[in-house]
$ cat entry-v3.txt   # compact mmCIF, C-alpha atoms
# COMPACT_ATOMS: atom_id res chain seq x y z
CA MET Y 1 171.18 231.48 105.21
CA VAL Y 2 173.67 228.80 104.28
CA GLU Y 3 174.37 228.18 107.95
CA GLY Y 4 170.67 227.83 108.58
CA ILE Y 5 170.26 225.25 105.87
CA TYR Y 6 173.36 223.41 107.02
CA GLY Y 7 172.06 223.34 110.58
CA THR Y 8 168.74 221.90 109.47
CA ILE Y 9 170.41 219.18 107.44
CA MET Y 10 172.66 218.19 110.34
CA ALA Y 11 169.69 218.07 112.72
CA MET Y 12 167.98 215.58 110.44
CA ASN Y 13 171.11 213.49 110.33
CA LEU Y 14 171.22 213.47 114.10
CA GLU Y 15 167.75 211.97 114.26
CA GLU Y 16 168.86 209.39 111.73
CA ILE Y 17 171.93 208.51 113.79
CA LYS Y 18 169.71 208.01 116.83
CA LYS Y 19 167.24 205.91 114.86
CA LEU Y 20 169.94 203.62 113.43
CA ILE Y 21 171.49 203.02 116.84
CA LYS Y 22 168.09 202.31 118.41
CA GLU Y 23 167.26 199.82 115.65
CA SER Y 24 170.34 197.76 116.52
CA LEU Y 25 170.28 198.34 120.27
CA PRO Y 26 166.59 198.76 121.13
CA ASP Y 27 167.17 199.25 124.86
CA ALA Y 28 169.77 201.97 124.30
CA THR Y 29 169.59 205.50 125.58
CA VAL Y 30 171.22 207.74 122.99
CA GLU Y 31 172.25 211.28 123.78
CA ILE Y 32 173.84 213.43 121.14
CA GLN Y 33 175.67 216.65 121.93
CA ASP Y 34 176.86 219.34 119.57
CA LEU Y 35 180.39 219.69 120.95
CA ALA Y 36 181.60 222.92 119.48
CA GLY Y 37 178.24 224.46 118.65
CA ASP Y 38 179.36 224.55 115.03
CA GLY Y 39 177.03 221.86 113.71
CA ASN Y 40 180.04 219.81 112.76
CA HIS Y 41 181.43 218.03 115.81
CA TYR Y 42 179.11 215.74 117.69
CA SER Y 43 179.40 213.39 120.61
CA ALA Y 44 177.04 210.44 121.04
CA THR Y 45 176.70 208.76 124.41
CA VAL Y 46 175.10 205.34 124.11
CA ILE Y 47 173.94 203.50 127.22
CA SER Y 48 172.82 199.90 126.77
CA SER Y 49 172.66 196.74 128.86
CA GLN Y 50 173.87 194.88 125.76
CA PHE Y 51 177.37 196.26 126.40
CA SER Y 52 177.61 194.25 129.59
CA GLY Y 53 180.68 192.00 129.69
CA LYS Y 54 182.08 193.40 126.45
CA SER Y 55 185.36 195.23 125.93
CA LYS Y 56 185.35 198.90 124.92
CA ILE Y 57 186.47 197.91 121.43
CA GLU Y 58 183.55 195.48 121.11
CA GLN Y 59 181.12 198.09 122.47
CA HIS Y 60 182.24 200.71 119.98
CA LYS Y 61 182.08 198.15 117.16
CA MET Y 62 178.43 197.45 118.08
CA VAL Y 63 177.68 201.15 117.67
CA TYR Y 64 179.70 201.39 114.44
CA ASN Y 65 177.86 198.35 113.05
CA SER Y 66 174.52 199.96 113.83
CA LEU Y 67 175.56 202.95 111.71
CA LYS Y 68 175.85 200.62 108.70
CA GLY Y 69 179.13 201.80 107.23
CA LYS Y 70 178.45 205.52 107.72
CA MET Y 71 181.16 205.85 110.35
CA GLY Y 72 184.41 206.88 108.77
CA ASN Y 73 182.56 208.05 105.68
CA GLU Y 74 179.70 210.56 106.05
CA LEU Y 75 180.25 210.56 109.79
CA HIS Y 76 183.71 211.84 110.41
CA ALA Y 77 183.47 214.03 113.47
CA LEU Y 78 181.28 211.83 115.64
CA GLU Y 79 182.76 211.00 119.00
CA ILE Y 80 181.32 207.92 120.66
CA LYS Y 81 181.06 207.09 124.34
CA THR Y 82 179.56 203.84 125.53
CA LYS Y 83 178.28 202.95 128.98
CA GLU Y 84 176.66 199.85 130.40
CA MET B 85 193.63 194.40 100.81
CA ASP B 86 196.69 193.43 98.77
CA GLN B 87 199.45 191.31 100.30
CA GLN B 88 201.98 194.13 100.14
CA THR B 89 199.81 196.43 102.26
CA ASN B 90 199.05 193.66 104.72
CA ASP B 91 202.79 192.93 105.06
CA LEU B 92 203.57 196.63 105.49
CA ILE B 93 201.06 196.99 108.34
CA LYS B 94 202.32 193.83 110.05
CA LYS B 95 205.91 194.98 109.75
CA GLU B 96 205.14 198.36 111.35
CA ILE B 97 203.22 196.76 114.21
CA GLU B 98 205.91 194.15 114.84
CA ASN B 99 208.84 196.56 114.63
CA ASN B 100 207.42 199.40 116.69
CA GLU B 101 206.35 198.87 120.29
CA ILE B 102 203.88 201.73 120.00
CA CYS B 103 202.57 202.76 116.64
CA LEU B 104 199.93 205.24 115.76
CA PHE B 105 198.31 205.07 112.35
CA MET B 106 197.32 208.68 111.84
CA LYS B 107 196.51 211.44 109.38
CA GLY B 108 199.65 213.55 109.15
CA THR B 109 202.68 213.20 111.39
CA PRO B 110 203.16 213.73 115.13
CA ASP B 111 204.80 217.08 114.33
CA ALA B 112 202.19 218.09 111.78
CA PRO B 113 198.92 216.23 112.36
CA GLN B 114 196.30 216.75 109.65
CA CYS B 115 193.24 215.90 111.74
CA GLY B 116 192.11 216.82 115.23
CA PHE B 117 191.55 213.22 116.32
CA SER B 118 195.03 212.18 115.19
CA MET B 119 196.47 215.22 116.93
CA ALA B 120 194.66 214.32 120.15
CA ILE B 121 196.21 210.86 120.52
CA SER B 122 199.59 212.10 119.36
CA ASN B 123 199.49 214.83 122.02
CA MET B 124 198.51 212.39 124.79
CA LEU B 125 201.49 210.20 123.92
CA LYS B 126 203.76 213.24 123.81
CA ILE B 127 202.57 214.42 127.22
CA LEU B 128 203.31 210.95 128.61
CA GLU B 129 206.70 211.11 126.85
CA VAL B 130 206.42 207.64 125.42
CA ASN B 131 208.32 206.76 122.28
CA PHE B 132 206.00 206.03 119.42
CA LYS B 133 206.05 205.87 115.69
CA GLY B 134 203.45 207.86 113.81
CA ILE B 135 202.54 206.34 110.47
CA ASN B 136 200.99 208.81 108.08
CA VAL B 137 198.19 207.06 106.19
CA LEU B 138 197.71 210.10 103.95
CA GLU B 139 200.93 209.18 102.16
CA ASN B 140 199.55 205.84 101.01
CA GLU B 141 195.94 205.30 99.98
CA HIS B 142 196.35 201.49 100.19
CA LEU B 143 197.49 201.86 103.77
CA ARG B 144 194.68 204.29 104.58
CA GLN B 145 192.02 201.78 103.48
CA GLY B 146 194.01 198.69 104.49
CA ILE B 147 194.41 199.58 108.16
CA LYS B 148 190.61 199.81 108.50
CA LYS B 149 190.26 196.24 107.24
CA PHE B 150 193.27 195.00 109.17
CA SER B 151 191.86 196.20 112.51
CA ASP B 152 188.21 195.81 111.50
CA TRP B 153 187.81 199.42 112.64
CA PRO B 154 186.27 202.15 110.47
CA THR B 155 188.17 205.23 111.58
CA ILE B 156 191.68 206.67 111.84
CA PRO B 157 193.66 207.24 114.12
CA GLN B 158 194.34 203.74 115.43
CA LEU B 159 196.74 202.96 118.25
CA TYR B 160 198.68 199.71 118.59
CA ILE B 161 200.75 198.89 121.67
CA GLN B 162 202.93 195.79 121.59
CA LYS B 163 200.99 194.44 118.61
CA GLU B 164 197.66 194.87 120.37
CA PHE B 165 194.97 197.15 118.93
CA ILE B 166 194.04 199.54 121.74
CA GLY B 167 191.43 201.67 120.00
CA GLY B 168 190.69 204.90 118.23
CA CYS B 169 190.57 208.44 119.57
CA ASP B 170 187.46 208.02 121.76
CA ILE B 171 188.70 204.92 123.58
CA VAL B 172 192.26 206.16 124.03
CA LYS B 173 191.01 209.53 125.29
CA GLU B 174 188.76 207.81 127.82
CA MET B 175 191.65 205.60 128.94
CA TYR B 176 193.91 208.63 129.23
CA GLU B 177 191.37 210.44 131.38
CA ASN B 178 190.43 207.53 133.67
CA GLY B 179 194.00 206.29 134.18
CA ASP B 180 193.62 203.02 132.27
CA LEU B 181 196.22 204.06 129.70
CA ILE B 182 198.86 204.54 132.39
CA LYS B 183 197.95 201.17 133.92
CA LEU B 184 198.27 199.55 130.51
CA LEU B 185 201.72 201.11 129.97
CA GLU B 186 202.81 199.96 133.43
CA ASN B 187 201.55 196.43 132.83
CA LYS B 188 203.38 196.26 129.55
CA GLY B 189 206.59 197.62 131.07
CA ILE B 190 206.69 200.73 128.91
CA SER B 191 208.35 203.78 130.41
CA PHE B 192 206.46 207.06 130.50
CA LYS B 193 206.54 210.31 132.41
CA LYS B 194 204.53 210.23 135.61
CA LYS B 195 202.50 213.30 136.49
CA ASN B 196 203.82 215.38 139.36

$ encode --input "entry-v3.txt" --output "structure tokens"
Amino acid sequence: MVEGIYGTIMAMNLEEIKKLIKESLPDATVEIQDLAGDGNHYSATVISSQFSGKSKIEQHKMVYNSLKGKMGNELHALEIKTKE
Amino acid sequence: MDQQTNDLIKKEIENNEICLFMKGTPDAPQCGFSMAISNMLKILEVNFKGINVLENEHLRQGIKKFSDWPTIPQLYIQKEFIGGCDIVKEMYENGDLIKLLENKGISFKKKN
């Protein structure tokens, strides 16, 4: 029961993560994977033309900025991959 | 960030060719992401200093401001911020980390 509730809450957060990234990077394709199947470790792959010509650090900062301070706080176990 | 913390971070980065700001120590990491980078560096047999941010709350918050980066671990090589776990892992897998070490003249163990 607890797991079920937890899973539902995380799923909502996932949609929110997607929404926030898309607001900042409208052309982005965002794919989120549940890495361990435990509802706790996620990987987001973000593909956007806006990454073109930017370093990996800059690309990741663009994604972090879109998450408006959540990264490192509520979002601990979110792995990020960026592609042009 | 207070001046003392800023000075402490600068001193670590200037005095250690490779430093990893991490949760826990290389021998006893307290977080999977910190363990991941620490293990990559161990496999490459490069000398690095692990700095445990859990021992100092000022340092834990300060390093995020210093690098303008929201997460820990953070890897510095020759005073340059290289990235967090995701970037370093990608560089490890695609060979960019080895190229970087070569370019900077840092010795490491080549794969057989």

$ closest_atom_pairs --input "entry-v3.txt" --of "chain Y" --to "chain B" --cutoff "9 Å" --atoms "all atoms listed in the file" --output "CSV"
residue,atom,partner,partner_atom,distance
Y:Lys56,CA,B:Ile171,CA,7.0
Y:Ile57,CA,B:Gly167,CA,6.4
Y:His60,CA,B:Ile171,CA,8.5
Y:Lys61,CA,B:Trp153,CA,7.4
Y:Tyr64,CA,B:Pro154,CA,7.7
Y:Gly69,CA,B:Pro154,CA,7.8
Y:Lys70,CA,B:Pro154,CA,8.9
Y:Met71,CA,B:Pro154,CA,6.3
Y:Gly72,CA,B:Thr155,CA,5.0
Y:Asn73,CA,B:Pro154,CA,8.5
Y:His76,CA,B:Thr155,CA,8.1
Y:Ala77,CA,B:Phe117,CA,8.6
Y:Glu79,CA,B:Asp170,CA,6.2
Y:Ile80,CA,B:Asp170,CA,6.2
Y:Lys81,CA,B:Asp170,CA,7.0

$ atom_distance --input "entry-v3.txt" --atom1 "atom CA of Glu101 of chain B" --atom2 "atom CA of Gln162 of chain B"
4.8 Å

$ atom_distance --input "entry-v3.txt" --atom1 "atom CA of Asn90 of chain B" --atom2 "atom CA of Lys149 of chain B"
9.5 Å

$ atom_distance --input "entry-v3.txt" --atom1 "atom CA of Thr45 of chain Y" --atom2 "atom CA of Tyr176 of chain B"
17.9 Å

$ closest_residue --input "entry-v3.txt" --among "B:Ile190, B:Met85, B:Ala112, B:Leu184" --to "Ile135 of chain B" --atoms "only C-alpha atoms"
B:Ala112

$ residues_around --input "entry-v3.txt" --residues "Tyr42 of chain Y" --least-positions-apart "2" --cutoff "7 Å" --atoms "all atoms listed in the file" --output "PyMOL selection string"
chain Y and resi 32-35+40+44+77-79

$ closest_residue --input "entry-v3.txt" --among "Y:Gln59, Y:Ser48, Y:Asn65, Y:Thr82" --to "Ala28 of chain Y" --atoms "only C-alpha atoms"
Y:Ser48

$ residues_near_point --input "entry-v3.txt" --point "(171.6, 204.2, 115.5)" --cutoff "9 Å" --atoms "all atoms listed in the file" --output "list in words"
Glu15, Glu16, Ile17, Lys18, Lys19, Leu20, Ile21, Lys22, Glu23, Ser24, Leu25, Val30, Val63, Tyr64, Asn65, Ser66, Leu67 and Lys68 of chain Y

$ residues_around --input "entry-v3.txt" --residues "Glu129 of chain B" --least-positions-apart "2" --cutoff "10 Å" --atoms "all atoms listed in the file" --output "PyMOL selection string"
chain B and resi 123-127+131-132+191-194

$ write_last_selection --input "entry-v3.txt" --atoms "C-alpha atoms" --output "short mmCIF file (atom, residue, chain, number, x, y, z; two decimals), in the frame of the given file"
data_model
loop_
_atom_site.label_atom_id
_atom_site.label_comp_id
_atom_site.auth_asym_id
_atom_site.auth_seq_id
_atom_site.Cartn_x
_atom_site.Cartn_y
_atom_site.Cartn_z
CA ASN B 123 199.49 214.83 122.02
CA MET B 124 198.51 212.39 124.79
CA LEU B 125 201.49 210.20 123.92
CA LYS B 126 203.76 213.24 123.81
CA ILE B 127 202.57 214.42 127.22
CA ASN B 131 208.32 206.76 122.28
CA PHE B 132 206.00 206.03 119.42
CA SER B 191 208.35 203.78 130.41
CA PHE B 192 206.46 207.06 130.50
CA LYS B 193 206.54 210.31 132.41
CA LYS B 194 204.53 210.23 135.61
#

$ residues_around --input "entry-v3.txt" --residues "Asn100 of chain B" --least-positions-apart "3" --cutoff "10 Å" --atoms "all atoms listed in the file" --output "list in words"
Lys95, Glu96, Ile97, Cys103, Leu104, Asn131, Phe132, Lys133, Gly134, Tyr160, Ile161, Gln162 and Lys163 of chain B

$ axis_aligned_box --input "entry-v3.txt" --around "segment 153-163 of chain B" --padding-each-side "5 Å" --output "AutoDock Vina command-line options"
--center_x 194.6 --center_y 200.8 --center_z 116.1 --size_x 26.7 --size_y 22.8 --size_z 21.2

$ closest_residue --input "entry-v3.txt" --among "B:His142, B:Leu128, B:Lys107, B:Ser122" --to "Asp91 of chain B" --atoms "all atoms listed in the file"
B:His142

$ decode --input "entry-v3.txt" --residues "segment 120-147 of chain B" --atoms "N, CA and C atoms" --output "short mmCIF file (atom, residue, chain, number, x, y, z; two decimals), in the first residue's frame"
data_model
loop_
_atom_site.label_atom_id
_atom_site.label_comp_id
_atom_site.auth_asym_id
_atom_site.auth_seq_id
_atom_site.Cartn_x
_atom_site.Cartn_y
_atom_site.Cartn_z
N ALA B 120 30.74 6.40 -7.12
CA ALA B 120 30.96 6.13 -8.55
C ALA B 120 32.20 6.85 -9.06
N ILE B 121 32.30 8.15 -8.79
CA ILE B 121 33.48 8.89 -9.29
C ILE B 121 34.75 8.39 -8.60
N SER B 122 34.65 8.19 -7.29
CA SER B 122 35.79 7.70 -6.53
C SER B 122 36.30 6.38 -7.12
N ASN B 123 35.38 5.49 -7.47
CA ASN B 123 35.77 4.20 -8.04
C ASN B 123 36.41 4.34 -9.41
N MET B 124 35.88 5.26 -10.24
CA MET B 124 36.48 5.47 -11.56
C MET B 124 37.93 5.93 -11.42
N LEU B 125 38.16 6.85 -10.48
CA LEU B 125 39.52 7.35 -10.27
C LEU B 125 40.43 6.26 -9.72
N LYS B 126 39.86 5.40 -8.87
CA LYS B 126 40.65 4.29 -8.32
C LYS B 126 41.03 3.30 -9.42
N ILE B 127 40.07 3.01 -10.31
CA ILE B 127 40.34 2.06 -11.39
C ILE B 127 41.45 2.61 -12.29
N LEU B 128 41.43 3.93 -12.52
CA LEU B 128 42.46 4.55 -13.34
C LEU B 128 43.77 4.75 -12.57
N GLU B 129 43.73 4.45 -11.27
CA GLU B 129 44.90 4.57 -10.40
C GLU B 129 45.52 5.96 -10.44
N VAL B 130 44.67 6.98 -10.45
CA VAL B 130 45.19 8.34 -10.34
C VAL B 130 45.16 8.74 -8.86
N ASN B 131 46.13 9.56 -8.50
CA ASN B 131 46.15 10.07 -7.13
C ASN B 131 45.15 11.20 -7.01
N PHE B 132 44.29 11.11 -6.02
CA PHE B 132 43.34 12.20 -5.83
C PHE B 132 43.07 12.38 -4.34
N LYS B 133 42.63 13.57 -4.01
CA LYS B 133 42.24 13.81 -2.64
C LYS B 133 40.72 13.88 -2.56
N GLY B 134 40.15 13.06 -1.72
CA GLY B 134 38.71 13.13 -1.47
C GLY B 134 38.45 14.06 -0.30
N ILE B 135 37.57 15.02 -0.51
CA ILE B 135 37.26 15.96 0.57
C ILE B 135 35.81 15.71 1.01
N ASN B 136 35.68 15.30 2.25
CA ASN B 136 34.37 14.89 2.76
C ASN B 136 33.55 16.11 3.20
N VAL B 137 32.55 16.46 2.39
CA VAL B 137 31.75 17.65 2.71
C VAL B 137 30.80 17.41 3.89
N LEU B 138 30.61 16.14 4.25
CA LEU B 138 29.71 15.85 5.37
C LEU B 138 30.32 16.25 6.71
N GLU B 139 31.64 16.49 6.70
CA GLU B 139 32.30 16.89 7.95
C GLU B 139 32.16 18.39 8.21
N ASN B 140 31.69 19.13 7.22
CA ASN B 140 31.66 20.58 7.36
C ASN B 140 30.48 21.15 6.56
N GLU B 141 29.45 21.55 7.27
CA GLU B 141 28.23 22.02 6.61
C GLU B 141 28.50 23.28 5.77
N HIS B 142 29.43 24.14 6.22
CA HIS B 142 29.78 25.34 5.44
C HIS B 142 30.38 24.94 4.09
N LEU B 143 31.20 23.92 4.15
CA LEU B 143 31.85 23.42 2.93
C LEU B 143 30.81 22.79 2.01
N ARG B 144 29.90 22.02 2.60
CA ARG B 144 28.87 21.33 1.83
C ARG B 144 28.02 22.32 1.03
N GLN B 145 27.64 23.43 1.65
CA GLN B 145 26.85 24.45 0.94
C GLN B 145 27.76 25.33 0.08
N GLY B 146 28.95 25.62 0.62
CA GLY B 146 29.87 26.55 -0.06
C GLY B 146 30.34 26.06 -1.42
N ILE B 147 30.63 24.76 -1.53
CA ILE B 147 31.15 24.24 -2.80
C ILE B 147 30.11 24.38 -3.92
#
